[in-house]
Amino acid sequence: MTAAHAEAVRRYYDRNTAAFDRLGQGGASIHRAVWAPGVTTRPEAFHHVDELVLAALPGDVTEPAVVDLGCGLGASLMYLAGRAPIRGEGLTISPRQAEGATRLLARAGLAGRVRCREGNFLDVPADLHGRADVAFSIEAFLHSPDAGGYFREAARVLRPGGRLLVCDDFLTPAAAAPDLPPREARRLAEFRDGWRVGSLLSVEQVRAAAAGAGLALARDTDLTPHLELRRPRDRFIAALVAAGRPLRLSGEYWRMLSGGDALQWCLLGGLLQYRVLEFTRR
């Protein structure tokens, strides 16, 4: 990341992680619940994307190596380590998240198999190069201002034949229209600003960026229909944002609320889709 953008993202997570945890689904994760077919309980919905990562682990490796590029508080790695004999590494731009993840891993008795540390996924530490059987990013890729750089570093982490899973929000063809109405354009801008978005791209744009790093798109799954949208708390936040907009409020927390409301609006309006893209390293 550029120094300015990296600092903005770092500050965003240092200041808002506690709020994400409080306003989200609970636990150590700040990701979204996905009620995909076959999911019957909230814990299953909460860990559906983690299960997709589990399914990507190679069956012929005794202790698969897994790298989480944008690990947050390490919840996904903890979930994976509780269900498979992985060796996990996580990177987060936020020192506060890295400290919290280290405490949680120690409390769970996983510190010997999983480590989370402060780091930039656009400059992955050399000790991770060529190590991972599977790498993944859940709601982290869009913070990168350099999509090509992200995929270059992700490919560097993977072993030949390794897999990369990217779960995030992507532009739809409707959002890329040159005559996008002002209201839709404003909502996308609010999302970009509020969530410190660096790469808001279409699937085709992402596929091309990944191909440039030697990563081939093998699977594309749309999870948007299975999200929880417009829950009571979401409606409350929408009303709060609408009431506060004429006042031109500012501050990290307010921008986070406004960005989250814009994200929901864009998902419901067909401007964004929440997808999982799986790549293989050639």
# chains A, B, ... in the order shown; residues from 1 in each chain; ligands from 1
>>> closest_atom_pairs(of="region 247-281 of chain A", to="region 237-242 of chain A", cutoff="9 Å", atoms="only C-alpha atoms", output="JSON lines")
{"residue": "A:Trp254", "atom": "CA", "partner": "A:Val241", "partner_atom": "CA", "distance": 8.3}
{"residue": "A:Leu257", "atom": "CA", "partner": "A:Ile237", "partner_atom": "CA", "distance": 7.0}
{"residue": "A:Ser258", "atom": "CA", "partner": "A:Val241", "partner_atom": "CA", "distance": 6.0}
{"residue": "A:Gly260", "atom": "CA", "partner": "A:Ile237", "partner_atom": "CA", "distance": 8.8}
{"residue": "A:Asp261", "atom": "CA", "partner": "A:Ala238", "partner_atom": "CA", "distance": 5.8}
{"residue": "A:Ala262", "atom": "CA", "partner": "A:Ala238", "partner_atom": "CA", "distance": 8.7}
>>> write_last_selection(atoms="all heavy atoms", output="mmCIF file, in the first residue's frame")
data_model
loop_
_atom_site.group_PDB
_atom_site.id
_atom_site.type_symbol
_atom_site.label_atom_id
_atom_site.label_comp_id
_atom_site.auth_asym_id
_atom_site.auth_seq_id
_atom_site.Cartn_x
_atom_site.Cartn_y
_atom_site.Cartn_z
ATOM 1 N N TRP A 254 -18.120 7.717 12.407
ATOM 2 C CA TRP A 254 -19.238 8.112 11.554
ATOM 3 C C TRP A 254 -19.021 7.660 10.117
ATOM 4 O O TRP A 254 -19.938 7.184 9.459
ATOM 5 C CB TRP A 254 -19.443 9.623 11.614
ATOM 6 C CG TRP A 254 -20.527 10.071 10.684
ATOM 7 C CD1 TRP A 254 -20.384 10.657 9.467
ATOM 8 C CD2 TRP A 254 -21.931 9.906 10.882
ATOM 9 N NE1 TRP A 254 -21.611 10.891 8.895
ATOM 10 C CE2 TRP A 254 -22.580 10.440 9.744
ATOM 11 C CE3 TRP A 254 -22.700 9.386 11.919
ATOM 12 C CZ2 TRP A 254 -23.966 10.446 9.618
ATOM 13 C CZ3 TRP A 254 -24.075 9.396 11.795
ATOM 14 C CH2 TRP A 254 -24.693 9.917 10.652
ATOM 15 N N LEU A 257 -19.836 3.985 9.831
ATOM 16 C CA LEU A 257 -21.283 3.734 9.770
ATOM 17 C C LEU A 257 -21.846 4.093 8.402
ATOM 18 O O LEU A 257 -22.631 3.337 7.816
ATOM 19 C CB LEU A 257 -21.997 4.542 10.850
ATOM 20 C CG LEU A 257 -21.836 4.108 12.303
ATOM 21 C CD1 LEU A 257 -22.623 5.034 13.210
ATOM 22 C CD2 LEU A 257 -22.270 2.667 12.511
ATOM 23 N N SER A 258 -21.446 5.246 7.887
ATOM 24 C CA SER A 258 -21.934 5.689 6.582
ATOM 25 C C SER A 258 -21.489 4.731 5.480
ATOM 26 O O SER A 258 -22.269 4.386 4.579
ATOM 27 C CB SER A 258 -21.424 7.101 6.293
ATOM 28 O OG SER A 258 -21.851 7.547 5.027
ATOM 29 N N GLY A 260 -20.747 1.521 5.813
ATOM 30 C CA GLY A 260 -21.464 0.261 5.950
ATOM 31 C C GLY A 260 -22.887 0.347 5.431
ATOM 32 O O GLY A 260 -23.390 -0.590 4.787
ATOM 33 N N ASP A 261 -23.541 1.476 5.684
ATOM 34 C CA ASP A 261 -24.892 1.675 5.159
ATOM 35 C C ASP A 261 -24.871 1.738 3.636
ATOM 36 O O ASP A 261 -25.734 1.158 2.962
ATOM 37 C CB ASP A 261 -25.492 2.952 5.734
ATOM 38 C CG ASP A 261 -26.877 3.244 5.190
ATOM 39 O OD1 ASP A 261 -27.758 2.383 5.327
ATOM 40 O OD2 ASP A 261 -27.061 4.328 4.602
ATOM 41 N N ALA A 262 -23.872 2.427 3.063
ATOM 42 C CA ALA A 262 -23.748 2.508 1.604
ATOM 43 C C ALA A 262 -23.487 1.126 1.003
ATOM 44 O O ALA A 262 -24.008 0.804 -0.069
ATOM 45 C CB ALA A 262 -22.625 3.469 1.235
#
>>> select_by_dssp(residues="region 5-230 of chain A", states="strand (DSSP E)", output="PyMOL selection string")
chain A and resi 65-69+87-92+114-118+132-138+158-171+215-222
>>> residues_around(residues="Ala210 (chain A)", least_positions_apart="4", cutoff="9 Å", atoms="only C-alpha atoms", output="NGL selection string")
:A and (147-148 or 150-152 or 155 or 205-206 or 214-217 or 279)
>>> write_last_selection(atoms="N, CA, C and O atoms", output="compact mmCIF listing (two decimals), in the first residue's frame")
# COMPACT_ATOMS: atom_id res chain seq x y z
N ALA A 147 -4.16 -3.69 -6.97
CA ALA A 147 -4.64 -5.06 -7.16
C ALA A 147 -3.55 -5.95 -7.75
O ALA A 147 -3.38 -7.10 -7.33
N GLY A 148 -2.80 -5.42 -8.71
CA GLY A 148 -1.73 -6.20 -9.29
C GLY A 148 -0.68 -6.57 -8.26
O GLY A 148 -0.16 -7.69 -8.25
N TYR A 150 -1.18 -6.88 -5.03
CA TYR A 150 -1.75 -7.88 -4.13
C TYR A 150 -1.57 -9.28 -4.72
O TYR A 150 -1.10 -10.20 -4.03
N PHE A 151 -1.94 -9.46 -5.97
CA PHE A 151 -1.85 -10.79 -6.56
C PHE A 151 -0.40 -11.22 -6.78
O PHE A 151 -0.07 -12.40 -6.69
N ARG A 152 0.47 -10.28 -7.04
CA ARG A 152 1.90 -10.62 -7.15
C ARG A 152 2.41 -11.20 -5.84
O ARG A 152 3.09 -12.23 -5.82
N ALA A 155 0.77 -14.65 -5.06
CA ALA A 155 1.39 -15.71 -5.85
C ALA A 155 2.75 -16.07 -5.27
O ALA A 155 3.16 -17.25 -5.27
N GLN A 205 -12.02 -7.57 -14.08
CA GLN A 205 -10.81 -6.80 -13.80
C GLN A 205 -9.89 -7.55 -12.83
O GLN A 205 -8.66 -7.56 -12.99
N VAL A 206 -10.49 -8.19 -11.84
CA VAL A 206 -9.71 -8.96 -10.88
C VAL A 206 -9.08 -10.17 -11.56
O VAL A 206 -7.91 -10.51 -11.32
N GLY A 214 0.23 -14.85 -12.71
CA GLY A 214 0.30 -16.29 -12.87
C GLY A 214 -0.75 -17.07 -12.11
O GLY A 214 -0.58 -18.26 -11.83
N LEU A 215 -1.86 -16.40 -11.78
CA LEU A 215 -2.95 -17.04 -11.04
C LEU A 215 -4.18 -17.15 -11.95
O LEU A 215 -4.64 -16.15 -12.50
N ALA A 216 -4.69 -18.37 -12.09
CA ALA A 216 -5.84 -18.62 -12.97
C ALA A 216 -7.11 -18.74 -12.15
O ALA A 216 -7.14 -19.47 -11.14
N LEU A 217 -8.18 -18.04 -12.57
CA LEU A 217 -9.46 -18.13 -11.89
C LEU A 217 -10.08 -19.50 -12.15
O LEU A 217 -10.37 -19.85 -13.29
N PHE A 279 -8.46 -19.03 -7.06
CA PHE A 279 -7.42 -19.04 -8.06
C PHE A 279 -6.43 -20.18 -7.79
O PHE A 279 -6.27 -20.60 -6.64
>>> residues_around(residues="Glu44 (chain A)", least_positions_apart="4", cutoff="12 Å", atoms="only C-alpha atoms", output="VMD selection string")
chain A and resid 25 32 to 40 48 to 52 79
>>> residues_around(residues="Leu229 (chain A)", least_positions_apart="4", cutoff="9 Å", atoms="only C-alpha atoms", output="list of chain:residue names")
A:Asp234, A:Gln264, A:Leu267, A:Leu268
>>> write_last_selection(atoms="all heavy atoms", output="mmCIF file, in the first residue's frame")
data_model
loop_
_atom_site.group_PDB
_atom_site.id
_atom_site.type_symbol
_atom_site.label_atom_id
_atom_site.label_comp_id
_atom_site.auth_asym_id
_atom_site.auth_seq_id
_atom_site.Cartn_x
_atom_site.Cartn_y
_atom_site.Cartn_z
ATOM 1 N N ASP A 234 -29.375 -2.830 11.033
ATOM 2 C CA ASP A 234 -29.011 -2.161 9.787
ATOM 3 C C ASP A 234 -29.993 -1.051 9.461
ATOM 4 O O ASP A 234 -29.605 0.021 8.966
ATOM 5 C CB ASP A 234 -28.961 -3.176 8.641
ATOM 6 C CG ASP A 234 -27.962 -4.293 8.890
ATOM 7 O OD1 ASP A 234 -26.890 -4.004 9.442
ATOM 8 O OD2 ASP A 234 -28.260 -5.455 8.544
ATOM 9 N N GLN A 264 -24.547 -1.790 2.143
ATOM 10 C CA GLN A 264 -25.821 -2.510 2.103
ATOM 11 C C GLN A 264 -26.694 -1.999 0.955
ATOM 12 O O GLN A 264 -27.313 -2.788 0.233
ATOM 13 C CB GLN A 264 -26.553 -2.335 3.441
ATOM 14 C CG GLN A 264 -25.914 -3.070 4.588
ATOM 15 C CD GLN A 264 -26.894 -3.977 5.298
ATOM 16 O OE1 GLN A 264 -28.108 -3.823 5.186
ATOM 17 N NE2 GLN A 264 -26.367 -4.933 6.032
ATOM 18 N N LEU A 267 -25.365 -3.358 -2.340
ATOM 19 C CA LEU A 267 -25.646 -4.789 -2.501
ATOM 20 C C LEU A 267 -27.119 -5.005 -2.865
ATOM 21 O O LEU A 267 -27.439 -5.785 -3.763
ATOM 22 C CB LEU A 267 -25.302 -5.545 -1.213
ATOM 23 C CG LEU A 267 -23.812 -5.718 -0.905
ATOM 24 C CD1 LEU A 267 -23.624 -6.193 0.533
ATOM 25 C CD2 LEU A 267 -23.175 -6.716 -1.872
ATOM 26 N N LEU A 268 -28.004 -4.316 -2.178
ATOM 27 C CA LEU A 268 -29.425 -4.441 -2.466
ATOM 28 C C LEU A 268 -29.776 -3.862 -3.828
ATOM 29 O O LEU A 268 -30.688 -4.349 -4.504
ATOM 30 C CB LEU A 268 -30.243 -3.740 -1.380
ATOM 31 C CG LEU A 268 -30.275 -4.436 -0.011
ATOM 32 C CD1 LEU A 268 -30.790 -3.487 1.057
ATOM 33 C CD2 LEU A 268 -31.144 -5.694 -0.068
#
>>> atom_distance(atom1="CA of Arg230 (chain A)", atom2="CA of Leu69 (chain A)")
28.9 Å
>>> residues_around(residues="Ala175 (chain A)", least_positions_apart="6", cutoff="8 Å", atoms="only C-alpha atoms", output="CSV table (one decimal) with C-alpha atoms, in the first residue's frame")
chain,number,residue,atom,x,y,z
A,270,GLY,CA,-27.3,-4.5,-7.6
A,271,LEU,CA,-24.1,-2.3,-7.8
A,272,LEU,CA,-22.0,-4.7,-5.7
>>> closest_residue(among="A:Pro232, A:Gly244, A:Gly162, A:Gly212", to="Ala135 (chain A)", atoms="only C-alpha atoms")
A:Gly162
>>> select_by_dssp(residues="region 35-220 of chain A", states="alpha helix (DSSP H)", output="PyMOL selection string")
chain A and resi 42-46+48-56+75-81+95-107+147-157+182-194+203-211
>>> residues_around(residues="Ala174 (chain A)", least_positions_apart="4", cutoff="12 Å", atoms="only C-alpha atoms", output="JSON, numbers by chain")
{"A": [170, 178, 179, 180, 181, 184, 185, 202, 266, 267, 269, 270, 271, 272, 273]}
>>> closest_residue(among="A:Arg233, A:Arg282, A:Arg87, A:Arg156", to="Glu63 (chain A)", atoms="only C-alpha atoms")
A:Arg87
>>> atom_distance(atom1="CA of His226 (chain A)", atom2="CA of Leu80 (chain A)")
21.8 Å
>>> closest_residue(among="A:Trp265, A:Trp195, A:Phe121, A:Tyr274", to="Asp222 (chain A)", atoms="only C-alpha atoms")
A:Tyr274
>>> atom_distance(atom1="CA of Ala101 (chain A)", atom2="CA of Arg83 (chain A)")
18.3 Å
>>> closest_residue(among="A:Ala45, A:Val9, A:Gly109, A:Gly82", to="Ala140 (chain A)", atoms="only C-alpha atoms")
A:Val9
>>> decode(residues="region 94-108 of chain A", atoms="all heavy atoms", output="PDB file, in the first residue's frame")
ATOM      1  N   SER A  94      -2.909  -3.823  11.150  1.00  0.00           N
ATOM      2  CA  SER A  94      -3.210  -3.171  12.423  1.00  0.00           C
ATOM      3  C   SER A  94      -2.430  -3.791  13.576  1.00  0.00           C
ATOM      4  O   SER A  94      -2.620  -4.963  13.903  1.00  0.00           O
ATOM      5  CB  SER A  94      -4.717  -3.283  12.716  1.00  0.00           C
ATOM      6  OG  SER A  94      -5.000  -2.985  14.069  1.00  0.00           O
ATOM      7  N   PRO A  95      -1.574  -3.036  14.248  1.00  0.00           N
ATOM      8  CA  PRO A  95      -0.878  -3.586  15.410  1.00  0.00           C
ATOM      9  C   PRO A  95      -1.833  -3.960  16.540  1.00  0.00           C
ATOM     10  O   PRO A  95      -1.583  -4.920  17.265  1.00  0.00           O
ATOM     11  CB  PRO A  95       0.070  -2.446  15.831  1.00  0.00           C
ATOM     12  CG  PRO A  95      -0.479  -1.210  15.209  1.00  0.00           C
ATOM     13  CD  PRO A  95      -1.152  -1.648  13.942  1.00  0.00           C
ATOM     14  N   ARG A  96      -2.929  -3.238  16.666  1.00  0.00           N
ATOM     15  CA  ARG A  96      -3.903  -3.585  17.706  1.00  0.00           C
ATOM     16  C   ARG A  96      -4.535  -4.941  17.418  1.00  0.00           C
ATOM     17  O   ARG A  96      -4.728  -5.759  18.328  1.00  0.00           O
ATOM     18  CB  ARG A  96      -4.978  -2.503  17.803  1.00  0.00           C
ATOM     19  CG  ARG A  96      -6.000  -2.744  18.906  1.00  0.00           C
ATOM     20  CD  ARG A  96      -6.854  -1.518  19.146  1.00  0.00           C
ATOM     21  NE  ARG A  96      -6.042  -0.406  19.616  1.00  0.00           N
ATOM     22  CZ  ARG A  96      -6.540   0.805  19.888  1.00  0.00           C
ATOM     23  NH1 ARG A  96      -7.839   1.037  19.740  1.00  0.00           N
ATOM     24  NH2 ARG A  96      -5.745   1.768  20.315  1.00  0.00           N
ATOM     25  N   GLN A  97      -4.853  -5.211  16.154  1.00  0.00           N
ATOM     26  CA  GLN A  97      -5.393  -6.519  15.816  1.00  0.00           C
ATOM     27  C   GLN A  97      -4.357  -7.619  16.021  1.00  0.00           C
ATOM     28  O   GLN A  97      -4.686  -8.705  16.492  1.00  0.00           O
ATOM     29  CB  GLN A  97      -5.886  -6.525  14.365  1.00  0.00           C
ATOM     30  CG  GLN A  97      -7.166  -5.751  14.145  1.00  0.00           C
ATOM     31  CD  GLN A  97      -7.719  -5.935  12.743  1.00  0.00           C
ATOM     32  OE1 GLN A  97      -6.993  -6.247  11.808  1.00  0.00           O
ATOM     33  NE2 GLN A  97      -9.015  -5.723  12.588  1.00  0.00           N
ATOM     34  N   ALA A  98      -3.112  -7.353  15.656  1.00  0.00           N
ATOM     35  CA  ALA A  98      -2.058  -8.358  15.828  1.00  0.00           C
ATOM     36  C   ALA A  98      -1.894  -8.723  17.301  1.00  0.00           C
ATOM     37  O   ALA A  98      -1.759  -9.910  17.653  1.00  0.00           O
ATOM     38  CB  ALA A  98      -0.746  -7.837  15.256  1.00  0.00           C
ATOM     39  N   GLU A  99      -1.916  -7.723  18.169  1.00  0.00           N
ATOM     40  CA  GLU A  99      -1.799  -7.985  19.601  1.00  0.00           C
ATOM     41  C   GLU A  99      -2.996  -8.778  20.113  1.00  0.00           C
ATOM     42  O   GLU A  99      -2.850  -9.730  20.887  1.00  0.00           O
ATOM     43  CB  GLU A  99      -1.686  -6.663  20.356  1.00  0.00           C
ATOM     44  CG  GLU A  99      -0.396  -5.904  20.091  1.00  0.00           C
ATOM     45  CD  GLU A  99      -0.445  -4.486  20.620  1.00  0.00           C
ATOM     46  OE1 GLU A  99      -1.471  -4.113  21.238  1.00  0.00           O
ATOM     47  OE2 GLU A  99       0.529  -3.734  20.397  1.00  0.00           O
ATOM     48  N   GLY A 100      -4.204  -8.399  19.657  1.00  0.00           N
ATOM     49  CA  GLY A 100      -5.400  -9.115  20.083  1.00  0.00           C
ATOM     50  C   GLY A 100      -5.410 -10.549  19.593  1.00  0.00           C
ATOM     51  O   GLY A 100      -5.784 -11.475  20.327  1.00  0.00           O
ATOM     52  N   ALA A 101      -5.001 -10.764  18.345  1.00  0.00           N
ATOM     53  CA  ALA A 101      -4.956 -12.117  17.788  1.00  0.00           C
ATOM     54  C   ALA A 101      -3.969 -12.978  18.550  1.00  0.00           C
ATOM     55  O   ALA A 101      -4.246 -14.164  18.832  1.00  0.00           O
ATOM     56  CB  ALA A 101      -4.577 -12.057  16.307  1.00  0.00           C
ATOM     57  N   THR A 102      -2.818 -12.428  18.917  1.00  0.00           N
ATOM     58  CA  THR A 102      -1.816 -13.193  19.664  1.00  0.00           C
ATOM     59  C   THR A 102      -2.364 -13.641  21.009  1.00  0.00           C
ATOM     60  O   THR A 102      -2.165 -14.797  21.428  1.00  0.00           O
ATOM     61  CB  THR A 102      -0.545 -12.334  19.859  1.00  0.00           C
ATOM     62  OG1 THR A 102      -0.004 -12.006  18.574  1.00  0.00           O
ATOM     63  CG2 THR A 102       0.500 -13.092  20.660  1.00  0.00           C
ATOM     64  N   ARG A 103      -3.089 -12.762  21.678  1.00  0.00           N
ATOM     65  CA  ARG A 103      -3.694 -13.135  22.958  1.00  0.00           C
ATOM     66  C   ARG A 103      -4.737 -14.236  22.773  1.00  0.00           C
ATOM     67  O   ARG A 103      -4.790 -15.210  23.547  1.00  0.00           O
ATOM     68  CB  ARG A 103      -4.340 -11.914  23.614  1.00  0.00           C
ATOM     69  CG  ARG A 103      -3.344 -10.894  24.161  1.00  0.00           C
ATOM     70  CD  ARG A 103      -4.056  -9.902  25.077  1.00  0.00           C
ATOM     71  NE  ARG A 103      -5.109  -9.172  24.381  1.00  0.00           N
ATOM     72  CZ  ARG A 103      -4.918  -8.014  23.758  1.00  0.00           C
ATOM     73  NH1 ARG A 103      -3.698  -7.465  23.725  1.00  0.00           N
ATOM     74  NH2 ARG A 103      -5.925  -7.392  23.173  1.00  0.00           N
ATOM     75  N   LEU A 104      -5.587 -14.109  21.747  1.00  0.00           N
ATOM     76  CA  LEU A 104      -6.640 -15.091  21.519  1.00  0.00           C
ATOM     77  C   LEU A 104      -6.062 -16.455  21.148  1.00  0.00           C
ATOM     78  O   LEU A 104      -6.569 -17.495  21.581  1.00  0.00           O
ATOM     79  CB  LEU A 104      -7.582 -14.597  20.427  1.00  0.00           C
ATOM     80  CG  LEU A 104      -8.456 -13.395  20.795  1.00  0.00           C
ATOM     81  CD1 LEU A 104      -9.148 -12.844  19.555  1.00  0.00           C
ATOM     82  CD2 LEU A 104      -9.496 -13.786  21.839  1.00  0.00           C
ATOM     83  N   LEU A 105      -5.010 -16.466  20.340  1.00  0.00           N
ATOM     84  CA  LEU A 105      -4.378 -17.728  19.954  1.00  0.00           C
ATOM     85  C   LEU A 105      -3.765 -18.423  21.164  1.00  0.00           C
ATOM     86  O   LEU A 105      -3.871 -19.654  21.311  1.00  0.00           O
ATOM     87  CB  LEU A 105      -3.313 -17.473  18.889  1.00  0.00           C
ATOM     88  CG  LEU A 105      -3.838 -17.102  17.502  1.00  0.00           C
ATOM     89  CD1 LEU A 105      -2.711 -16.582  16.626  1.00  0.00           C
ATOM     90  CD2 LEU A 105      -4.503 -18.305  16.835  1.00  0.00           C
ATOM     91  N   ALA A 106      -3.133 -17.656  22.031  1.00  0.00           N
ATOM     92  CA  ALA A 106      -2.551 -18.239  23.240  1.00  0.00           C
ATOM     93  C   ALA A 106      -3.643 -18.805  24.137  1.00  0.00           C
ATOM     94  O   ALA A 106      -3.505 -19.904  24.687  1.00  0.00           O
ATOM     95  CB  ALA A 106      -1.732 -17.177  23.982  1.00  0.00           C
ATOM     96  N   ARG A 107      -4.743 -18.074  24.262  1.00  0.00           N
ATOM     97  CA  ARG A 107      -5.851 -18.525  25.106  1.00  0.00           C
ATOM     98  C   ARG A 107      -6.466 -19.813  24.559  1.00  0.00           C
ATOM     99  O   ARG A 107      -6.915 -20.669  25.320  1.00  0.00           O
ATOM    100  CB  ARG A 107      -6.901 -17.421  25.184  1.00  0.00           C
ATOM    101  CG  ARG A 107      -8.003 -17.649  26.213  1.00  0.00           C
ATOM    102  CD  ARG A 107      -8.984 -16.495  26.178  1.00  0.00           C
ATOM    103  NE  ARG A 107      -8.303 -15.210  26.353  1.00  0.00           N
ATOM    104  CZ  ARG A 107      -8.845 -14.032  26.040  1.00  0.00           C
ATOM    105  NH1 ARG A 107     -10.068 -13.987  25.519  1.00  0.00           N
ATOM    106  NH2 ARG A 107      -8.170 -12.927  26.238  1.00  0.00           N
ATOM    107  N   ALA A 108      -6.463 -19.956  23.215  1.00  0.00           N
ATOM    108  CA  ALA A 108      -7.035 -21.153  22.596  1.00  0.00           C
ATOM    109  C   ALA A 108      -6.045 -22.309  22.526  1.00  0.00           C
ATOM    110  O   ALA A 108      -6.397 -23.397  22.051  1.00  0.00           O
ATOM    111  CB  ALA A 108      -7.523 -20.816  21.190  1.00  0.00           C
TER     112      ALA A 108
END
